[in-house]
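**Q** Handing you a structure now.
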Amino acid sequence: MSLPLCHEGRNRRRGSLSLAILVLYSAAGACSTEQDPFSSPEARDHAAAMGAHHLCSGVFVVGRDNRRSPEQVFAADVEPFPAFNWQDDFEYEVDMAAGTATVWGDDVYRTAKYNGDQGCSILVRGETDVHYQPVPVPRSLPDPNTQAWPTGDSGAYGTFTDVNQARLDSAFDWAMEQGQNTRALVAAYKGRVIGERYAPGFTRNTPQISWSQGKSITAALIGVLVQQGYFSLDDPAPVPEWHEPGDPRGEVQIKHLLRMSSGLDFLNLGLGQSNSWTSENEHFLIYFDAIDVFE
């Protein structure tokens with residue numbers, strides 16, 4: 001492992017993560033003399049892009065509340081996870097001034113860029129910017145400390161005679177000591193928060209990569225817009241590309257998308273199969289490549 005280099009507001013680090021998942025795959029007899037699918041050119045390209053995105057988000061999005069160095073982000077958010085397919089020859093560089101994170105190896109070079117309120121986006125190969133105009137999202141919500149729970153924080157906490165608080169606190173302490181990279185634990189009972197723990201530097205206000213939590217957030221926001229009369233759940237999905245004559249996708253309604261029952265083919269191969277890091281893995285392609293989801 002080479003030592004970290006810092007220059008002109010940038011941070012560079014060579015990764016040294018061994019591919020435990022590759023060892024397991026090889027031990028199963030799946031690789032033999034053929035090229036390892038987890039280190040194929042396509043897999044390496046996708047792994048570099050995903051690594052760039054996680055570094056970008058960890059430094060610039062999570063960093064809105066919890067400032068960490070690129071080295072700290074790599075050590076906590078990328079290196080511990082073999083499933084991210086980090087390759088032994090990969091190096092990375094974070095440009096604090098430009099808001100970019102780049103990962104490269106012998107034959108790959110991928111960059112993700114921070115775009116303010118739109119977060120971090122993986123850039124198309126060879127390009128230096130996104131294909132949309134980032135816009136700030138104005139905040140007009142009142143101070144949550146002055147708003148009643150659950151839409152605010154006032155009255156969020158409760159104590160109950162039938163809860164052994166000492167045992168609950170002990171369970172939280174034990175859970176946070178297990179080395180699972182847990183950032184937050186919250187327990188609610190009878191509509192009130194009765195316990196919470198956070199990793200050092202993290203709070204209830206720290207932005208995080210949401211993964212599938214984003215679906216719940218999206219559903220809640222759509223519900224607000226429906227309540228305000230902007231559209232109905234029975235309306236066709238507002239995707240112009242789906243409404244050409246004869247296109248069956250024109251029958252997909254907003255409620256179908258929210259329930260994930262649209263009938264659209266969206267193959268999910270996970271991250272452990274031989275073709276997981278290829279374009280065949282449509283579900284994860286949105287995590288490790290710059291794509292047009294409407295194509």
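Residue names in the structure tokens use chain letters A, B, ... in the order shown, residue numbers from 1 in each chain, and ligand numbers from 1 in the order shown.
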What residues in region 106-294 of chain A get the DSSP label strand (DSSP E or B)? Please answer as a ChimeraX atom specification.

**A** /A:109-114,120-122,148,154,157,184-189,192-198,236,253

**Q** Could you pull the residues within 8 Å of region 191-200 of chain A, counting only C-alpha atoms, minus those fewer than 4 positions along the same chain, as number ranges by chain?

**A** A: 155-159, 168-169, 172-173, 176, 182-187, 204

**Q** One number please: CA of Ala101 (chain A) to CA of Ala52 (chain A), in Å, one decimal.

**A**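 Going from CA of Ala101 (chain A) over to CA of Ala52 (chain A) covers 5.3 Å.
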
**Q** So, counting only C-alpha atoms, which residue among A:Asn205, A:Asn66, A:Ser140, A:Ser262 is closest to Asp153 (chain A)?

**A**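 Closest to Asp153 (chain A) of all the choices is A:Asn205.
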
**Q** Could you pull out the helix (DSSP H, G or I) residues of region 117-176 of chain A from DSSP and send them as a ChimeraX atom specification?

**A** /A:117-118,144-146,165-176

**Q** For the selection just defined, write its residues with C-alpha atoms to a file, as a CSV table (one decimal), in the first residue's frame.

**A**
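Output saved as result_20.csv:
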chain,number,residue,atom,x,y,z
A,117,ASP,CA,-28.7,19.4,-3.7
A,118,GLN,CA,-28.7,16.7,-6.4
A,144,PRO,CA,-38.0,21.0,13.7
A,145,ASN,CA,-37.5,21.7,17.4
A,146,THR,CA,-40.6,23.9,17.3
A,165,GLN,CA,-34.5,1.5,30.1
A,166,ALA,CA,-31.3,0.1,31.6
A,167,ARG,CA,-31.5,-3.1,29.7
A,168,LEU,CA,-32.4,-1.2,26.5
A,169,ASP,CA,-29.4,1.1,26.9
A,170,SER,CA,-27.2,-1.9,27.5
A,171,ALA,CA,-28.5,-3.5,24.3
A,172,PHE,CA,-27.7,-0.3,22.4
A,173,ASP,CA,-24.2,-0.2,23.8
A,174,TRP,CA,-23.6,-3.8,22.8
A,175,ALA,CA,-24.9,-3.3,19.3
A,176,MET,CA,-22.6,-0.3,18.6

**Q** Skipping near chain neighbours, those fewer than 5 positions away, what residues fall within 12 Å of Asp107 (chain A) using only C-alpha atoms, listed as a VMD selection string?

**A** chain A and resid 39 to 46 48 87 89 to 91

**Q** What's around region 215-230 of chain A at 10 Å? Count only C-alpha atoms, leave out sequence neighbours fewer than 2 positions away in its own chain, and write the answer as a PyMOL selection string.

**A** chain A and resi 210-213+232-233+254-255+257-260
